[in-house]
Amino acid sequence: MTPREASQAPLEFGGPLGVTAMLLLLPATMFHLLLAARSGPARLLGPPAYLPGLEELWSPRVLLLLFIWLGLQVALYLLPARKVAEGLELKDKSRLRYPINGFQALVLTAVLVGLGVSAGLPLGALPGMLLPMAFATTLTSFIFSLLLYAKALAAPVSALAPGGNSGNHIYDFFLGRELNPRLGSFDFKYFCELRPGLIGWVIINLALLMQEAELRGSPSLAMCLVNGFQLLYVGDALWYEESVLTTMDIIHDGFGFMLAFGDLAWVPFTYSLQAQFLLYHPQPLGLPMALLICFIKAIGYYIFRGANSQKNTFRKNPSDPSVAGLETIPTATGRQLLVSGWWGMVRHPNYLGDLIMALAWSLPCGISHLLPYFYLLYFTALLVHREARDEQQCLRKYGRAWQEYCKRVPYRILPYVY
């Protein structure tokens with residue numbers, strides 16, 4: 001796509017006005033959730049109980065801790081990988097190479113944190129630093145995005161993302177101009193996508209569990225479930241790290257504020273909301289309800305992993321016995337569209353599994369507050385929006401074959417409903 005074609009392409013997220021609003025609303029929402037979780041009313045809707053001053057938000061010590069954390073994850077990224085995978089073909093016909101060592105980074109981080117805690121590292125103090133840590137991460141994400149935008153100004157046209165070179169500075173800063181910004185072989189977007197934020201989310205959850213144990217003598221069953229469910233989710237993402245190379249984030253979206261802030265700040269500080277809520281608002285949870293919630297989680301994970309594994313296996317080797325018998329629709333690109341198995345049930349079965357798991361994460365928090373269900377509400381909106389973007393991309397790419405697929409598989413996410 002040339003710069004002229006990009007400038008004429010339809011703009012997403014409401015164009016410059018919409019992304020300007022999101023530049024303000026996304027950080028504001030994150031801080032509102034952090035404040036609401038620790039407040040007495042724990043209201044999702046309505047103003048926060050108080051607004052913190054700059055002295056409560058800014059801490060050079062916390063900024064240093066953030067840089068140490070990012071530096072550690074960079075060092076783990078640079079360690080020898082068990083595998084190096086090639087990404088999809090780019091516009092200049094080249095293919096980038098990516099280290100597949102995210103799960104290794106998770107395990108080594110766990111070992112280092114475990115050694116640190118046994119040596120006296122006060123991990124339970126982390127919950128008290130979430131506000132200044134979120135502030136430091138937001139500031140870092142903004143400055144990082146400015147540097148990425150400046151770097152992209154010198155990038156060749158072939159390196160630009162399809163949607164991030166509209167010519168509007170605010171819009172392009174938000175979406176990201178360059179598709180795969182790198183320093184040597186170090187890929188900034190790929191690194192941020194699954195490393196510091198996802199692993200940081202697990203560490204924050206663990207710190208909240210430890211703080212609860214210090215306050216009440218032992219962690220609650222609800223807190224243990226939330227930690228276990230979300231650790232499984234992160235572990236799964238990093239174990240199947242290679243599959244991220246075919247996602248829209250990697251192959252289509254540029255690396256700007258949207259992904260930088262989302263990966264580094266939004267994920268760890270917003271996705272840990274259930275654990276934050278439980279620390280300040282403990283909820284009773286009996287064994288029968290806990291087992292039911294585990295069953296719901298298992299159903300969601302079964303759908304999520306089954307759909308993703310089927311798709312990834314088919315992409316790698318359509319002749320694999322587990323997918324060879326599935327019905328397909330040929331496309332003009334030479335690729336085949338699955339029209340049976342998980343992908344014959346709905347067009348995005350992995351999203352369905354994701355949403356069921358999101359419900360399971362929230363249920364241990366009870367039903368007295370809406371706040372811990374924010375993730376489910378937000379994720380539903382996110383996946384519906386992402387599904388609409390997927391549909392547009394696939395229609396442009398596959399044309400009549402995609403239209404035929406939509407006729408054969410009419411439901412998008414939830415069978416017989418949507």
# chains A, B, ... in the order shown; residues from 1 in each chain; ligands from 1
$ residues_around --residues "Gly184 of chain A" --least-positions-apart "5" --cutoff "12 Å" --atoms "only C-alpha atoms" --output "list in words"
Leu78, Leu96 and Arg97 of chain A
$ select_by_dssp --residues "segment 161-336 of chain A" --states "strand (DSSP E or B)" --output "list in words"
Glu178, Arg182, Leu183, Phe186, Asp187, Thr328, Ile329, Pro330 and Gln336 of chain A
$ write_last_selection --atoms "all heavy atoms" --output "PDB file, in the first residue's frame"
ATOM      1  N   GLU A 178       5.297   2.128  11.615  1.00  0.00           N
ATOM      2  CA  GLU A 178       6.145   1.037  11.144  1.00  0.00           C
ATOM      3  C   GLU A 178       5.578  -0.305  11.597  1.00  0.00           C
ATOM      4  O   GLU A 178       5.141  -0.459  12.738  1.00  0.00           O
ATOM      5  CB  GLU A 178       7.571   1.213  11.670  1.00  0.00           C
ATOM      6  CG  GLU A 178       8.589   0.321  10.979  1.00  0.00           C
ATOM      7  CD  GLU A 178      10.024   0.659  11.346  1.00  0.00           C
ATOM      8  OE1 GLU A 178      10.238   1.617  12.113  1.00  0.00           O
ATOM      9  OE2 GLU A 178      10.931  -0.040  10.866  1.00  0.00           O
ATOM     10  N   ARG A 182      12.598  -2.528  14.438  1.00  0.00           N
ATOM     11  CA  ARG A 182      13.662  -3.365  15.007  1.00  0.00           C
ATOM     12  C   ARG A 182      14.927  -2.551  15.244  1.00  0.00           C
ATOM     13  O   ARG A 182      15.156  -1.547  14.564  1.00  0.00           O
ATOM     14  CB  ARG A 182      13.997  -4.536  14.071  1.00  0.00           C
ATOM     15  CG  ARG A 182      12.926  -5.616  14.027  1.00  0.00           C
ATOM     16  CD  ARG A 182      13.395  -6.836  13.257  1.00  0.00           C
ATOM     17  NE  ARG A 182      12.562  -8.003  13.570  1.00  0.00           N
ATOM     18  CZ  ARG A 182      12.974  -9.253  13.529  1.00  0.00           C
ATOM     19  NH1 ARG A 182      14.222  -9.520  13.149  1.00  0.00           N
ATOM     20  NH2 ARG A 182      12.169 -10.239  13.857  1.00  0.00           N
ATOM     21  N   LEU A 183      15.717  -3.028  16.180  1.00  0.00           N
ATOM     22  CA  LEU A 183      17.071  -2.537  16.387  1.00  0.00           C
ATOM     23  C   LEU A 183      17.976  -3.734  16.215  1.00  0.00           C
ATOM     24  O   LEU A 183      18.088  -4.579  17.103  1.00  0.00           O
ATOM     25  CB  LEU A 183      17.226  -1.928  17.783  1.00  0.00           C
ATOM     26  CG  LEU A 183      18.573  -1.273  18.098  1.00  0.00           C
ATOM     27  CD1 LEU A 183      18.834  -0.101  17.149  1.00  0.00           C
ATOM     28  CD2 LEU A 183      18.617  -0.802  19.542  1.00  0.00           C
ATOM     29  N   PHE A 186      16.553  -7.272  17.194  1.00  0.00           N
ATOM     30  CA  PHE A 186      15.618  -7.148  18.316  1.00  0.00           C
ATOM     31  C   PHE A 186      14.333  -6.505  17.818  1.00  0.00           C
ATOM     32  O   PHE A 186      14.322  -5.347  17.399  1.00  0.00           O
ATOM     33  CB  PHE A 186      16.232  -6.308  19.436  1.00  0.00           C
ATOM     34  CG  PHE A 186      15.400  -6.273  20.689  1.00  0.00           C
ATOM     35  CD1 PHE A 186      15.581  -7.227  21.681  1.00  0.00           C
ATOM     36  CD2 PHE A 186      14.430  -5.297  20.881  1.00  0.00           C
ATOM     37  CE1 PHE A 186      14.820  -7.209  22.836  1.00  0.00           C
ATOM     38  CE2 PHE A 186      13.664  -5.274  22.027  1.00  0.00           C
ATOM     39  CZ  PHE A 186      13.863  -6.233  23.012  1.00  0.00           C
ATOM     40  N   ASP A 187      13.233  -7.253  17.877  1.00  0.00           N
ATOM     41  CA  ASP A 187      11.936  -6.796  17.386  1.00  0.00           C
ATOM     42  C   ASP A 187      11.128  -6.221  18.543  1.00  0.00           C
ATOM     43  O   ASP A 187      10.699  -6.941  19.444  1.00  0.00           O
ATOM     44  CB  ASP A 187      11.189  -7.967  16.742  1.00  0.00           C
ATOM     45  CG  ASP A 187       9.973  -7.525  15.950  1.00  0.00           C
ATOM     46  OD1 ASP A 187       9.027  -7.018  16.582  1.00  0.00           O
ATOM     47  OD2 ASP A 187       9.970  -7.690  14.719  1.00  0.00           O
ATOM     48  N   THR A 328     -12.808 -27.980   3.374  1.00  0.00           N
ATOM     49  CA  THR A 328     -12.216 -26.658   3.136  1.00  0.00           C
ATOM     50  C   THR A 328     -12.839 -25.996   1.918  1.00  0.00           C
ATOM     51  O   THR A 328     -13.504 -26.643   1.110  1.00  0.00           O
ATOM     52  CB  THR A 328     -10.694 -26.766   2.920  1.00  0.00           C
ATOM     53  OG1 THR A 328     -10.435 -27.562   1.742  1.00  0.00           O
ATOM     54  CG2 THR A 328     -10.000 -27.393   4.113  1.00  0.00           C
ATOM     55  N   ILE A 329     -12.605 -24.677   1.809  1.00  0.00           N
ATOM     56  CA  ILE A 329     -13.005 -23.898   0.643  1.00  0.00           C
ATOM     57  C   ILE A 329     -11.737 -23.327   0.015  1.00  0.00           C
ATOM     58  O   ILE A 329     -10.964 -22.647   0.698  1.00  0.00           O
ATOM     59  CB  ILE A 329     -13.948 -22.748   1.040  1.00  0.00           C
ATOM     60  CG1 ILE A 329     -15.261 -23.287   1.609  1.00  0.00           C
ATOM     61  CG2 ILE A 329     -14.238 -21.842  -0.158  1.00  0.00           C
ATOM     62  CD1 ILE A 329     -16.195 -22.202   2.120  1.00  0.00           C
ATOM     63  N   PRO A 330     -11.469 -23.587  -1.262  1.00  0.00           N
ATOM     64  CA  PRO A 330     -10.268 -23.029  -1.899  1.00  0.00           C
ATOM     65  C   PRO A 330     -10.412 -21.527  -2.123  1.00  0.00           C
ATOM     66  O   PRO A 330     -11.521 -21.008  -2.287  1.00  0.00           O
ATOM     67  CB  PRO A 330     -10.194 -23.777  -3.235  1.00  0.00           C
ATOM     68  CG  PRO A 330     -11.608 -24.170  -3.517  1.00  0.00           C
ATOM     69  CD  PRO A 330     -12.259 -24.420  -2.183  1.00  0.00           C
ATOM     70  N   GLN A 336      -6.450 -22.467   1.812  1.00  0.00           N
ATOM     71  CA  GLN A 336      -7.756 -23.093   2.022  1.00  0.00           C
ATOM     72  C   GLN A 336      -8.393 -22.522   3.300  1.00  0.00           C
ATOM     73  O   GLN A 336      -7.703 -22.251   4.275  1.00  0.00           O
ATOM     74  CB  GLN A 336      -7.590 -24.609   2.180  1.00  0.00           C
ATOM     75  CG  GLN A 336      -6.863 -25.287   1.024  1.00  0.00           C
ATOM     76  CD  GLN A 336      -7.763 -25.492  -0.175  1.00  0.00           C
ATOM     77  OE1 GLN A 336      -8.941 -25.815  -0.029  1.00  0.00           O
ATOM     78  NE2 GLN A 336      -7.222 -25.315  -1.359  1.00  0.00           N
TER      79      GLN A 336
END
$ closest_residue --among "A:Gly163, A:Pro282, A:Pro372, A:Pro132" --to "Leu65 of chain A" --atoms "only C-alpha atoms"
A:Pro132
$ closest_residue --among "A:Val267, A:Leu287, A:Tyr77, A:Met248" --to "Arg389 of chain A" --atoms "only C-alpha atoms"
A:Met248
$ atom_distance --atom1 "atom CA of Ala161 of chain A" --atom2 "atom CA of Gly254 of chain A"
4.9 Å
$ residues_around --residues "Cys224 of chain A" --least-positions-apart "3" --cutoff "10 Å" --atoms "only C-alpha atoms" --output "list in words"
Asn205, Leu206, Leu209, Pro219, Ser220, Leu221, Asn227, Gly228, Phe229, Ala275 and Pro364 of chain A
$ write_last_selection --atoms "N, CA, C and O atoms" --output "JSON list (two decimals), in the first residue's frame"
[["chain", "number", "residue", "atom", "x", "y", "z"],
["A", 205, "ASN", "N", -0.26, -10.60, 40.15],
["A", 205, "ASN", "CA", -1.22, -11.51, 40.78],
["A", 205, "ASN", "C", -0.59, -12.24, 41.97],
["A", 205, "ASN", "O", -1.21, -12.37, 43.02],
["A", 206, "LEU", "N", 0.62, -12.73, 41.78],
["A", 206, "LEU", "CA", 1.31, -13.45, 42.85],
["A", 206, "LEU", "C", 1.54, -12.54, 44.05],
["A", 206, "LEU", "O", 1.37, -12.94, 45.20],
["A", 209, "LEU", "N", -1.62, -12.16, 45.94],
["A", 209, "LEU", "CA", -1.89, -13.37, 46.72],
["A", 209, "LEU", "C", -1.04, -13.39, 47.98],
["A", 209, "LEU", "O", -1.53, -13.72, 49.08],
["A", 219, "PRO", "N", -3.99, -17.40, 51.69],
["A", 219, "PRO", "CA", -4.75, -16.89, 50.55],
["A", 219, "PRO", "C", -6.11, -17.56, 50.46],
["A", 219, "PRO", "O", -6.27, -18.73, 50.80],
["A", 220, "SER", "N", -7.09, -16.82, 49.99],
["A", 220, "SER", "CA", -8.44, -17.36, 49.87],
["A", 220, "SER", "C", -8.53, -18.30, 48.67],
["A", 220, "SER", "O", -7.70, -18.26, 47.75],
["A", 221, "LEU", "N", -9.55, -19.13, 48.68],
["A", 221, "LEU", "CA", -9.79, -20.02, 47.55],
["A", 221, "LEU", "C", -10.06, -19.22, 46.28],
["A", 221, "LEU", "O", -9.60, -19.58, 45.19],
["A", 227, "ASN", "N", -5.54, -16.67, 40.42],
["A", 227, "ASN", "CA", -4.12, -16.82, 40.10],
["A", 227, "ASN", "C", -3.87, -18.03, 39.20],
["A", 227, "ASN", "O", -3.12, -17.94, 38.22],
["A", 228, "GLY", "N", -4.49, -19.15, 39.55],
["A", 228, "GLY", "CA", -4.27, -20.36, 38.75],
["A", 228, "GLY", "C", -4.82, -20.24, 37.34],
["A", 228, "GLY", "O", -4.15, -20.61, 36.36],
["A", 229, "PHE", "N", -6.04, -19.71, 37.20],
["A", 229, "PHE", "CA", -6.65, -19.55, 35.88],
["A", 229, "PHE", "C", -5.81, -18.65, 34.98],
["A", 229, "PHE", "O", -5.56, -18.95, 33.81],
["A", 275, "ALA", "N", -7.77, -10.01, 40.97],
["A", 275, "ALA", "CA", -6.92, -10.23, 42.14],
["A", 275, "ALA", "C", -6.84, -8.97, 43.00],
["A", 275, "ALA", "O", -6.83, -9.06, 44.23],
["A", 364, "PRO", "N", -15.15, -15.99, 40.66],
["A", 364, "PRO", "CA", -14.68, -16.10, 42.05],
["A", 364, "PRO", "C", -14.85, -14.82, 42.86],
["A", 364, "PRO", "O", -14.79, -14.87, 44.09]]
$ closest_atom_pairs --of "segment 21-128 of chain A" --to "segment 233-240 of chain A" --cutoff "10 Å" --atoms "only C-alpha atoms" --output "Markdown table"
| residue | atom | partner | partner_atom | distance |
| --- | --- | --- | --- | --- |
| A:Ile100 | CA | A:Leu238 | CA | 8.7 |
| A:Asn101 | CA | A:Leu238 | CA | 8.0 |
| A:Gly102 | CA | A:Leu238 | CA | 5.1 |
| A:Phe103 | CA | A:Leu238 | CA | 4.8 |
| A:Gln104 | CA | A:Leu238 | CA | 8.4 |
| A:Ala105 | CA | A:Leu238 | CA | 8.8 |
| A:Leu106 | CA | A:Gly235 | CA | 7.7 |
| A:Val107 | CA | A:Gly235 | CA | 9.3 |
$ atom_distance --atom1 "atom CA of Leu72 of chain A" --atom2 "atom CA of Asp253 of chain A"
26.3 Å
$ select_by_dssp --residues "segment 128-375 of chain A" --states "alpha helix (DSSP H)" --output "PyMOL selection string"
chain A and resi 130-152+169-175+188-194+196-216+221-239+248-251+257-261+267-270+273-280+287-316+349-362+374-375
$ residues_around --residues "segment 401-414 of chain A" --least-positions-apart "2" --cutoff "10 Å" --atoms "only C-alpha atoms" --output "VMD selection string"
chain A and resid 328 to 333 336 to 340 343 to 353 355 383 to 384 387 to 388 391 to 392 394 to 399 416 to 418
$ atom_distance --atom1 "atom CA of Leu23 of chain A" --atom2 "atom CA of Leu139 of chain A"
12.2 Å
$ residues_around --residues "Val84 of chain A" --least-positions-apart "2" --cutoff "10 Å" --atoms "only C-alpha atoms" --output "mmCIF file with N, CA and C atoms, in the first residue's frame"
data_model
loop_
_atom_site.group_PDB
_atom_site.id
_atom_site.type_symbol
_atom_site.label_atom_id
_atom_site.label_comp_id
_atom_site.auth_asym_id
_atom_site.auth_seq_id
_atom_site.Cartn_x
_atom_site.Cartn_y
_atom_site.Cartn_z
ATOM 1 N N PRO A 80 19.714 -17.705 24.157
ATOM 2 C CA PRO A 80 19.492 -18.663 23.060
ATOM 3 C C PRO A 80 18.105 -19.284 23.140
ATOM 4 N N ALA A 81 17.430 -19.355 22.002
ATOM 5 C CA ALA A 81 16.058 -19.854 21.948
ATOM 6 C C ALA A 81 16.042 -21.319 21.539
ATOM 7 N N ARG A 82 15.002 -22.034 22.022
ATOM 8 C CA ARG A 82 14.840 -23.437 21.630
ATOM 9 C C ARG A 82 14.499 -23.564 20.154
ATOM 10 N N GLU A 86 10.225 -18.272 11.405
ATOM 11 C CA GLU A 86 10.095 -17.232 10.392
ATOM 12 C C GLU A 86 8.662 -16.710 10.386
ATOM 13 N N GLY A 87 8.526 -15.384 10.245
ATOM 14 C CA GLY A 87 7.209 -14.788 10.126
ATOM 15 C C GLY A 87 6.671 -14.918 8.712
ATOM 16 N N ARG A 97 12.857 -13.196 11.293
ATOM 17 C CA ARG A 97 13.069 -14.341 12.175
ATOM 18 C C ARG A 97 12.821 -13.923 13.628
ATOM 19 N N TYR A 98 12.195 -14.843 14.389
ATOM 20 C CA TYR A 98 11.781 -14.536 15.751
ATOM 21 C C TYR A 98 12.217 -15.653 16.701
ATOM 22 N N PRO A 99 12.822 -15.301 17.847
ATOM 23 C CA PRO A 99 13.168 -16.333 18.831
ATOM 24 C C PRO A 99 11.927 -16.829 19.559
ATOM 25 N N ILE A 100 11.805 -18.137 19.696
ATOM 26 C CA ILE A 100 10.672 -18.722 20.403
ATOM 27 C C ILE A 100 11.177 -19.167 21.780
ATOM 28 N N ASN A 101 11.237 -18.235 22.699
ATOM 29 C CA ASN A 101 11.727 -18.545 24.042
ATOM 30 C C ASN A 101 10.922 -17.838 25.126
ATOM 31 N N GLU A 242 4.743 -19.089 19.075
ATOM 32 C CA GLU A 242 4.913 -18.986 17.622
ATOM 33 C C GLU A 242 3.618 -18.619 16.917
#
$ residues_around --residues "Ile299 of chain A" --least-positions-apart "6" --cutoff "10 Å" --atoms "only C-alpha atoms" --output "list of chain:residue names"
A:Ile293, A:Gly353, A:Ile356, A:Met357, A:Ala360
$ write_last_selection --atoms "N, CA, C and O atoms" --output "PDB file, in the first residue's frame"
ATOM      1  N   ILE A 293     -17.029 -23.332  38.835  1.00  0.00           N
ATOM      2  CA  ILE A 293     -16.238 -22.320  38.128  1.00  0.00           C
ATOM      3  C   ILE A 293     -15.077 -22.977  37.383  1.00  0.00           C
ATOM      4  O   ILE A 293     -14.768 -22.608  36.243  1.00  0.00           O
ATOM      5  N   GLY A 353     -14.124 -19.269  23.246  1.00  0.00           N
ATOM      6  CA  GLY A 353     -13.399 -19.852  24.371  1.00  0.00           C
ATOM      7  C   GLY A 353     -12.799 -18.793  25.272  1.00  0.00           C
ATOM      8  O   GLY A 353     -12.825 -18.903  26.509  1.00  0.00           O
ATOM      9  N   ILE A 356     -15.548 -17.299  27.524  1.00  0.00           N
ATOM     10  CA  ILE A 356     -15.957 -18.215  28.597  1.00  0.00           C
ATOM     11  C   ILE A 356     -14.907 -18.222  29.703  1.00  0.00           C
ATOM     12  O   ILE A 356     -15.235 -18.216  30.903  1.00  0.00           O
ATOM     13  N   MET A 357     -13.645 -18.212  29.326  1.00  0.00           N
ATOM     14  CA  MET A 357     -12.583 -18.145  30.330  1.00  0.00           C
ATOM     15  C   MET A 357     -12.627 -16.828  31.092  1.00  0.00           C
ATOM     16  O   MET A 357     -12.394 -16.788  32.310  1.00  0.00           O
ATOM     17  N   ALA A 360     -15.086 -17.126  33.770  1.00  0.00           N
ATOM     18  CA  ALA A 360     -14.584 -17.952  34.875  1.00  0.00           C
ATOM     19  C   ALA A 360     -13.620 -17.173  35.769  1.00  0.00           C
ATOM     20  O   ALA A 360     -13.574 -17.399  36.981  1.00  0.00           O
TER      21      ALA A 360
END
$ closest_atom_pairs --of "segment 198-249 of chain A" --to "segment 310-319 of chain A" --cutoff "12 Å" --atoms "only C-alpha atoms" --output "Markdown table"
| residue | atom | partner | partner_atom | distance |
| --- | --- | --- | --- | --- |
| A:Tyr240 | CA | A:Asn312 | CA | 9.7 |
| A:Glu241 | CA | A:Asn312 | CA | 11.5 |
| A:Glu242 | CA | A:Asn312 | CA | 9.5 |
| A:Ser243 | CA | A:Asn312 | CA | 6.9 |
| A:Val244 | CA | A:Asn312 | CA | 10.2 |
| A:Leu245 | CA | A:Asn312 | CA | 10.7 |
| A:Thr246 | CA | A:Asn312 | CA | 9.1 |
| A:Thr247 | CA | A:Asn312 | CA | 11.1 |
$ write_last_selection --atoms "N, CA and C atoms" --output "mmCIF file, in the first residue's frame"
data_model
loop_
_atom_site.group_PDB
_atom_site.id
_atom_site.type_symbol
_atom_site.label_atom_id
_atom_site.label_comp_id
_atom_site.auth_asym_id
_atom_site.auth_seq_id
_atom_site.Cartn_x
_atom_site.Cartn_y
_atom_site.Cartn_z
ATOM 1 N N TYR A 240 2.725 -21.493 23.302
ATOM 2 C CA TYR A 240 2.372 -21.460 21.885
ATOM 3 C C TYR A 240 2.738 -20.102 21.277
ATOM 4 N N GLU A 241 3.864 -19.566 21.692
ATOM 5 C CA GLU A 241 4.286 -18.223 21.287
ATOM 6 C C GLU A 241 4.349 -18.059 19.774
ATOM 7 N N GLU A 242 4.743 -19.089 19.075
ATOM 8 C CA GLU A 242 4.913 -18.986 17.622
ATOM 9 C C GLU A 242 3.618 -18.619 16.917
ATOM 10 N N SER A 243 2.479 -18.997 17.500
ATOM 11 C CA SER A 243 1.203 -18.723 16.848
ATOM 12 C C SER A 243 0.894 -17.231 16.776
ATOM 13 N N VAL A 244 1.551 -16.416 17.602
ATOM 14 C CA VAL A 244 1.294 -14.976 17.567
ATOM 15 C C VAL A 244 1.778 -14.354 16.261
ATOM 16 N N LEU A 245 2.663 -15.062 15.550
ATOM 17 C CA LEU A 245 3.235 -14.519 14.310
ATOM 18 C C LEU A 245 2.218 -14.409 13.185
ATOM 19 N N THR A 246 1.058 -15.038 13.340
ATOM 20 C CA THR A 246 0.019 -14.944 12.306
ATOM 21 C C THR A 246 -1.167 -14.105 12.783
ATOM 22 N N THR A 247 -1.045 -13.421 13.921
ATOM 23 C CA THR A 247 -2.146 -12.599 14.430
ATOM 24 C C THR A 247 -2.141 -11.221 13.768
#
$ closest_residue --among "A:Gly114, A:Pro156, A:Gly262, A:Gly366" --to "Leu194 of chain A" --atoms "only C-alpha atoms"
A:Gly262
